[in-house]
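Raw entry.cif, mmCIF, C-alpha atoms, pLDDT in the B column; chains and numbers go by the auth columns:
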data_model
loop_
_atom_site.group_PDB
_atom_site.id
_atom_site.type_symbol
_atom_site.label_atom_id
_atom_site.label_comp_id
_atom_site.label_asym_id
_atom_site.label_seq_id
_atom_site.Cartn_x
_atom_site.Cartn_y
_atom_site.Cartn_z
_atom_site.B_iso_or_equiv
_atom_site.auth_seq_id
_atom_site.auth_asym_id
ATOM 1 C CA MET A 1 105.360 78.200 -49.316 59.00 1 Z
ATOM 2 C CA LYS A 2 104.285 74.682 -49.430 63.00 2 Z
ATOM 3 C CA LYS A 3 100.720 73.978 -50.387 63.00 3 Z
ATOM 4 C CA THR A 4 98.943 71.305 -48.403 61.00 4 Z
ATOM 5 C CA ASN A 5 96.069 69.522 -49.988 61.00 5 Z
ATOM 6 C CA ILE A 6 93.564 69.000 -47.230 61.00 6 Z
ATOM 7 C CA ASN A 7 90.379 67.289 -48.180 60.00 7 Z
ATOM 8 C CA ILE A 8 87.720 67.796 -45.653 59.00 8 Z
ATOM 9 C CA LYS A 9 85.101 65.204 -46.244 61.00 9 Z
ATOM 10 C CA ASN A 10 81.892 65.710 -44.413 61.00 10 Z
ATOM 11 C CA GLU A 11 80.033 62.819 -46.004 66.00 11 Z
ATOM 12 C CA LYS A 12 77.676 60.844 -43.845 66.00 12 Z
ATOM 13 C CA LYS A 13 77.145 57.204 -44.508 75.00 13 Z
ATOM 14 C CA GLY A 14 73.795 55.482 -43.913 79.00 14 Z
ATOM 15 C CA PHE A 15 70.154 56.510 -44.173 81.00 15 Z
ATOM 16 C CA THR A 16 68.316 59.317 -42.525 87.00 16 Z
ATOM 17 C CA LEU A 17 65.447 58.591 -40.171 89.00 17 Z
ATOM 18 C CA LEU A 18 62.982 59.987 -42.696 90.00 18 Z
ATOM 19 C CA GLU A 19 64.191 57.602 -45.402 89.00 19 Z
ATOM 20 C CA VAL A 20 63.859 54.601 -43.094 91.00 20 Z
ATOM 21 C CA VAL A 21 60.342 55.590 -42.025 93.00 21 Z
ATOM 22 C CA MET A 22 59.283 56.079 -45.657 93.00 22 Z
ATOM 23 C CA VAL A 23 60.562 52.631 -46.670 93.00 23 Z
ATOM 24 C CA ILE A 24 58.808 50.979 -43.734 94.00 24 Z
ATOM 25 C CA GLY A 25 55.572 52.773 -44.645 95.00 25 Z
ATOM 26 C CA ILE A 26 55.751 51.696 -48.281 94.00 26 Z
ATOM 27 C CA ILE A 27 56.436 48.079 -47.294 93.00 27 Z
ATOM 28 C CA ALA A 28 53.487 48.137 -44.867 92.00 28 Z
ATOM 29 C CA VAL A 29 51.094 49.453 -47.525 91.00 29 Z
ATOM 30 C CA LEU A 30 52.252 46.964 -50.163 89.00 30 Z
ATOM 31 C CA SER A 31 52.048 43.993 -47.811 85.00 31 Z
ATOM 32 C CA SER A 32 48.524 44.876 -46.628 82.00 32 Z
ATOM 33 C CA VAL A 33 47.305 45.295 -50.212 80.00 33 Z
ATOM 34 C CA SER A 34 48.842 42.007 -51.335 81.00 34 Z
ATOM 35 C CA LEU A 35 47.532 40.167 -48.268 75.00 35 Z
ATOM 36 C CA ALA A 36 44.001 41.421 -48.949 70.00 36 Z
ATOM 37 C CA ALA A 37 44.281 40.425 -52.599 74.00 37 Z
ATOM 38 C CA ILE A 38 45.386 36.877 -51.907 80.00 38 Z
ATOM 39 C CA ASN A 39 43.262 36.174 -48.816 80.00 39 Z
ATOM 40 C CA PRO A 40 41.970 32.712 -49.750 81.00 40 Z
ATOM 41 C CA ASN A 41 39.137 32.535 -47.215 87.00 41 Z
ATOM 42 C CA ARG A 42 37.634 35.765 -48.476 86.00 42 Z
ATOM 43 C CA GLN A 43 38.025 34.627 -52.086 86.00 43 Z
ATOM 44 C CA PHE A 44 36.228 31.322 -51.354 90.00 44 Z
ATOM 45 C CA LYS A 45 33.390 33.175 -49.585 92.00 45 Z
ATOM 46 C CA LEU A 46 33.107 35.556 -52.520 91.00 46 Z
ATOM 47 C CA ALA A 47 32.971 32.618 -54.948 92.00 47 Z
ATOM 48 C CA ARG A 48 30.228 30.881 -52.932 94.00 48 Z
ATOM 49 C CA ASP A 49 28.211 34.116 -52.762 95.00 49 Z
ATOM 50 C CA SER A 50 28.522 34.424 -56.542 95.00 50 Z
ATOM 51 C CA GLN A 51 27.276 30.835 -56.880 96.00 51 Z
ATOM 52 C CA ARG A 52 24.317 31.628 -54.594 96.00 52 Z
ATOM 53 C CA THR A 53 23.457 34.681 -56.712 96.00 53 Z
ATOM 54 C CA SER A 54 23.562 32.587 -59.871 96.00 54 Z
ATOM 55 C CA ASN A 55 21.444 29.849 -58.277 96.00 55 Z
ATOM 56 C CA ILE A 56 18.670 32.145 -57.061 96.00 56 Z
ATOM 57 C CA GLN A 57 18.578 33.918 -60.408 97.00 57 Z
ATOM 58 C CA SER A 58 18.163 30.531 -62.109 96.00 58 Z
ATOM 59 C CA ILE A 59 15.320 29.588 -59.764 96.00 59 Z
ATOM 60 C CA ALA A 60 13.600 32.953 -60.260 95.00 60 Z
ATOM 61 C CA ASN A 61 13.940 32.689 -64.046 95.00 61 Z
ATOM 62 C CA ALA A 62 12.559 29.129 -64.007 95.00 62 Z
ATOM 63 C CA ILE A 63 9.533 30.230 -61.962 95.00 63 Z
ATOM 64 C CA GLY A 64 9.010 33.170 -64.317 93.00 64 Z
ATOM 65 C CA GLN A 65 9.186 30.936 -67.391 95.00 65 Z
ATOM 66 C CA ASN A 66 6.747 28.465 -65.835 93.00 66 Z
ATOM 67 C CA MET A 67 4.266 31.204 -65.010 92.00 67 Z
ATOM 68 C CA SER A 68 4.714 32.793 -68.423 93.00 68 Z
ATOM 69 C CA GLU A 69 3.821 29.535 -70.178 93.00 69 Z
ATOM 70 C CA HIS A 70 0.771 28.944 -67.963 90.00 70 Z
ATOM 71 C CA GLY A 71 -0.940 32.331 -68.076 90.00 71 Z
ATOM 72 C CA GLY A 72 0.568 33.779 -64.907 88.00 72 Z
ATOM 73 C CA ILE A 73 -0.123 30.724 -62.766 89.00 73 Z
ATOM 74 C CA LEU A 74 2.590 28.491 -61.320 90.00 74 Z
ATOM 75 C CA ALA A 75 1.892 25.006 -62.700 91.00 75 Z
ATOM 76 C CA CYS A 76 3.452 21.806 -61.412 88.00 76 Z
ATOM 77 C CA ALA A 77 3.720 18.281 -62.781 83.00 77 Z
ATOM 78 C CA SER A 78 2.053 16.933 -59.649 75.00 78 Z
ATOM 79 C CA GLY A 79 -1.035 18.995 -60.460 76.00 79 Z
ATOM 80 C CA THR A 80 -0.956 20.861 -57.152 80.00 80 Z
ATOM 81 C CA ALA A 81 0.837 24.165 -57.406 82.00 81 Z
ATOM 82 C CA PRO A 82 2.221 25.687 -54.224 86.00 82 Z
ATOM 83 C CA THR A 83 0.889 29.044 -53.098 87.00 83 Z
ATOM 84 C CA ILE A 84 3.540 31.726 -52.991 89.00 84 Z
ATOM 85 C CA SER A 85 2.724 34.204 -50.226 89.00 85 Z
ATOM 86 C CA THR A 86 4.352 37.174 -48.534 91.00 86 Z
ATOM 87 C CA THR A 87 5.601 34.807 -45.836 92.00 87 Z
ATOM 88 C CA THR A 88 9.153 33.706 -46.590 93.00 88 Z
ATOM 89 C CA LYS A 89 9.407 29.935 -47.013 93.00 89 Z
ATOM 90 C CA VAL A 90 12.380 27.699 -47.669 93.00 90 Z
ATOM 91 C CA ILE A 91 12.306 25.777 -50.954 93.00 91 Z
ATOM 92 C CA LYS A 92 12.255 22.220 -49.620 90.00 92 Z
ATOM 93 C CA TYR A 93 10.215 19.069 -49.148 86.00 93 Z
ATOM 94 C CA LYS A 94 10.545 16.158 -46.755 71.00 94 Z
ATOM 95 C CA ILE A 95 8.523 12.990 -47.051 62.00 95 Z
ATOM 96 C CA ASN A 96 9.370 12.134 -43.429 58.00 96 Z
ATOM 97 C CA ASP A 97 7.117 14.926 -42.184 52.00 97 Z
ATOM 98 C CA GLU A 98 4.138 13.717 -44.254 54.00 98 Z
ATOM 99 C CA THR A 99 3.454 17.411 -44.920 48.00 99 Z
ATOM 100 C CA PHE A 100 4.737 20.125 -47.143 47.00 100 Z
ATOM 101 C CA ASN A 101 7.746 20.115 -44.916 49.00 101 Z
ATOM 102 C CA ASP A 102 7.060 22.236 -41.883 63.00 102 Z
ATOM 103 C CA GLY A 103 6.402 25.498 -43.640 72.00 103 Z
ATOM 104 C CA GLY A 104 8.582 25.010 -46.684 86.00 104 Z
ATOM 105 C CA ILE A 105 7.448 25.319 -50.278 89.00 105 Z
ATOM 106 C CA ASP A 106 7.793 22.461 -52.788 89.00 106 Z
ATOM 107 C CA LEU A 107 8.938 23.765 -56.173 92.00 107 Z
ATOM 108 C CA TYR A 108 10.836 20.764 -57.511 92.00 108 Z
ATOM 109 C CA ARG A 109 8.052 19.396 -59.729 90.00 109 Z
ATOM 110 C CA CYS A 110 7.238 22.905 -60.928 92.00 110 Z
ATOM 111 C CA ILE A 111 10.633 23.796 -62.375 93.00 111 Z
ATOM 112 C CA VAL A 112 12.636 20.540 -62.790 93.00 112 Z
ATOM 113 C CA PRO A 113 13.320 19.208 -65.486 91.00 113 Z
ATOM 114 C CA ASP A 114 11.399 21.543 -67.829 92.00 114 Z
ATOM 115 C CA TYR A 115 13.025 24.814 -66.719 94.00 115 Z
ATOM 116 C CA LEU A 116 16.101 23.653 -64.800 94.00 116 Z
ATOM 117 C CA ALA A 117 18.145 20.479 -65.191 94.00 117 Z
ATOM 118 C CA ASN A 118 18.205 20.101 -61.420 94.00 118 Z
ATOM 119 C CA LEU A 119 17.320 22.176 -58.387 95.00 119 Z
ATOM 120 C CA PRO A 120 20.300 24.285 -57.253 96.00 120 Z
ATOM 121 C CA LEU A 121 21.445 23.908 -53.650 96.00 121 Z
ATOM 122 C CA ASP A 122 23.337 26.283 -51.381 95.00 122 Z
ATOM 123 C CA PRO A 123 27.039 25.582 -52.018 93.00 123 Z
ATOM 124 C CA SER A 124 28.289 25.500 -48.433 90.00 124 Z
ATOM 125 C CA LYS A 125 25.455 24.727 -46.031 91.00 125 Z
ATOM 126 C CA SER A 126 25.410 21.173 -44.742 89.00 126 Z
ATOM 127 C CA GLU A 127 21.599 21.353 -44.400 91.00 127 Z
ATOM 128 C CA ALA A 128 21.255 21.681 -48.191 93.00 128 Z
ATOM 129 C CA TYR A 129 20.696 18.306 -49.831 93.00 129 Z
ATOM 130 C CA LEU A 130 18.778 16.604 -52.624 93.00 130 Z
ATOM 131 C CA ILE A 131 17.970 12.930 -52.146 91.00 131 Z
ATOM 132 C CA SER A 132 14.795 12.687 -54.191 89.00 132 Z
ATOM 133 C CA VAL A 133 11.804 14.663 -55.431 88.00 133 Z
ATOM 134 C CA GLU A 134 10.236 14.179 -52.023 85.00 134 Z
ATOM 135 C CA ASP A 135 13.302 14.685 -49.868 88.00 135 Z
ATOM 136 C CA TYR A 136 15.316 17.833 -50.473 91.00 136 Z
ATOM 137 C CA ASN A 137 16.227 21.183 -48.944 92.00 137 Z
ATOM 138 C CA SER A 138 17.738 23.873 -51.161 95.00 138 Z
ATOM 139 C CA MET A 139 18.317 26.373 -48.303 94.00 139 Z
ATOM 140 C CA TYR A 140 17.008 29.100 -50.628 95.00 140 Z
ATOM 141 C CA SER A 141 13.867 31.056 -49.740 95.00 141 Z
ATOM 142 C CA LEU A 142 10.849 32.265 -51.692 94.00 142 Z
ATOM 143 C CA ASN A 143 8.150 34.870 -51.054 94.00 143 Z
ATOM 144 C CA LEU A 144 6.156 37.690 -52.648 94.00 144 Z
ATOM 145 C CA ASP A 145 7.141 41.283 -51.943 93.00 145 Z
ATOM 146 C CA SER A 146 4.651 44.077 -51.232 93.00 146 Z
ATOM 147 C CA ASN A 147 4.241 44.688 -55.002 93.00 147 Z
ATOM 148 C CA GLY A 148 3.378 41.055 -55.715 91.00 148 Z
ATOM 149 C CA ARG A 149 6.737 40.252 -57.282 94.00 149 Z
ATOM 150 C CA ILE A 150 8.503 36.948 -56.624 94.00 150 Z
ATOM 151 C CA VAL A 151 11.584 37.204 -54.414 96.00 151 Z
ATOM 152 C CA VAL A 152 14.087 34.343 -54.258 96.00 152 Z
ATOM 153 C CA SER A 153 16.706 34.865 -51.565 96.00 153 Z
ATOM 154 C CA ALA A 154 19.749 33.329 -49.926 95.00 154 Z
ATOM 155 C CA THR A 155 21.930 34.054 -46.940 94.00 155 Z
ATOM 156 C CA GLY A 156 25.485 34.708 -48.065 93.00 156 Z
ATOM 157 C CA GLU A 157 28.800 34.744 -46.278 93.00 157 Z
ATOM 158 C CA LEU A 158 30.102 38.187 -47.280 92.00 158 Z
ATOM 159 C CA THR A 159 26.811 39.665 -48.475 87.00 159 Z
ATOM 160 C CA THR A 160 24.301 38.468 -45.898 87.00 160 Z
ATOM 161 C CA ASP A 161 21.148 39.177 -47.935 92.00 161 Z
ATOM 162 C CA ILE A 162 21.242 38.007 -51.543 94.00 162 Z
ATOM 163 C CA ASN A 163 17.932 38.586 -53.378 94.00 163 Z
ATOM 164 C CA THR A 164 16.529 38.326 -56.862 93.00 164 Z
ATOM 165 C CA VAL A 165 13.180 39.904 -57.674 93.00 165 Z
ATOM 166 C CA ARG A 166 11.073 38.949 -60.725 88.00 166 Z
#
What do you get writing this file as structure tokens?
Amino acid sequence: MKKTNINIKNEKKGFTLLEVVMVIGIIAVLSSVSLAAINPNRQFKLARDSQRTSNIQSIANAIGQNMSEHGGILACASGTAPTISTTTKVIKYKINDETFNDGGIDLYRCIVPDYLANLPLDPSKSEAYLISVEDYNSMYSLNLDSNGRIVVSATGELTTDINTVR
């Protein structure tokens, strides 16, 4: 009797549907995570919000230092200190208006140059400018909260309400 060597190969070549779906899922998750991590617009907005936070903290600290040195009263080089009230006012001044700038509050002479080298401005708003002591708009706001604490605030791009309380 002659022996025949029959090899029955039942091997399948290729991938199963489950393997393909798993690979597609993994690629989708990795690409969404990497896209979120390198999204430049979001990163720039986050950086500007961080700058705003730093700026309002600097302004609040400068006001606190001024008041600390003058017995709890905000003192200014011009001799006339602005009144900080519960009404939110933008830190600005415009000589064109011949007033304390349509409801704004003038802090420049109170905190620059003794407590800050210069008044910080919002990093991305075109309305924020500093031409002179009597013509500027920081686009940051100031008021007293219900406990009488000073609140310096900004409107951010990712975090809409950025506040510092002193």
Exactly which residues make up the result of the PyMOL selection byres ((chain Z and resi 136-147) around 6) on this file, given as number ranges by chain? Z: 84-93, 121-122, 128-131, 135, 148-154
Which residues are near Met67 of chain Z? Cut-off 12 Å, all atoms listed in the file, ignore same chain within fewer than 4 positions. Put them as a PDB file with C-alpha atoms, in the coordinates of the input.
ATOM      1  CA  ALA Z  60      13.600  32.953 -60.260  1.00 95.00           C
ATOM      2  CA  ASN Z  61      13.940  32.689 -64.046  1.00 95.00           C
ATOM      3  CA  ALA Z  62      12.559  29.129 -64.007  1.00 95.00           C
ATOM      4  CA  ILE Z  63       9.533  30.230 -61.962  1.00 95.00           C
ATOM      5  CA  GLY Z  71      -0.940  32.331 -68.076  1.00 90.00           C
ATOM      6  CA  GLY Z  72       0.568  33.779 -64.907  1.00 88.00           C
ATOM      7  CA  ILE Z  73      -0.123  30.724 -62.766  1.00 89.00           C
ATOM      8  CA  LEU Z  74       2.590  28.491 -61.320  1.00 90.00           C
ATOM      9  CA  ALA Z  75       1.892  25.006 -62.700  1.00 91.00           C
ATOM     10  CA  CYS Z  76       3.452  21.806 -61.412  1.00 88.00           C
ATOM     11  CA  ALA Z  81       0.837  24.165 -57.406  1.00 82.00           C
ATOM     12  CA  CYS Z 110       7.238  22.905 -60.928  1.00 92.00           C
ATOM     13  CA  ILE Z 111      10.633  23.796 -62.375  1.00 93.00           C
ATOM     14  CA  TYR Z 115      13.025  24.814 -66.719  1.00 94.00           C
ATOM     15  CA  ILE Z 150       8.503  36.948 -56.624  1.00 94.00           C
ATOM     16  CA  ARG Z 166      11.073  38.949 -60.725  1.00 88.00           C
TER      17      ARG Z 166
END
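Atom CA of Leu158 of chain Z to atom CA of Gln57 of chain Z spans 18.0 Å [interatomic distance, one decimal].
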Pairwise distance, atom CA of Ile162 of chain Z with atom CA of Ser54 of chain Z, equals 10.2 Å
Pairwise distance for atom CA of Asn55 of chain Z and atom CA of Gln43 of chain Z, rounded to one decimal in Å: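 Computing the Euclidean distance for atom CA of Asn55 of chain Z and atom CA of Gln43 of chain Z yields 18.3 Å.
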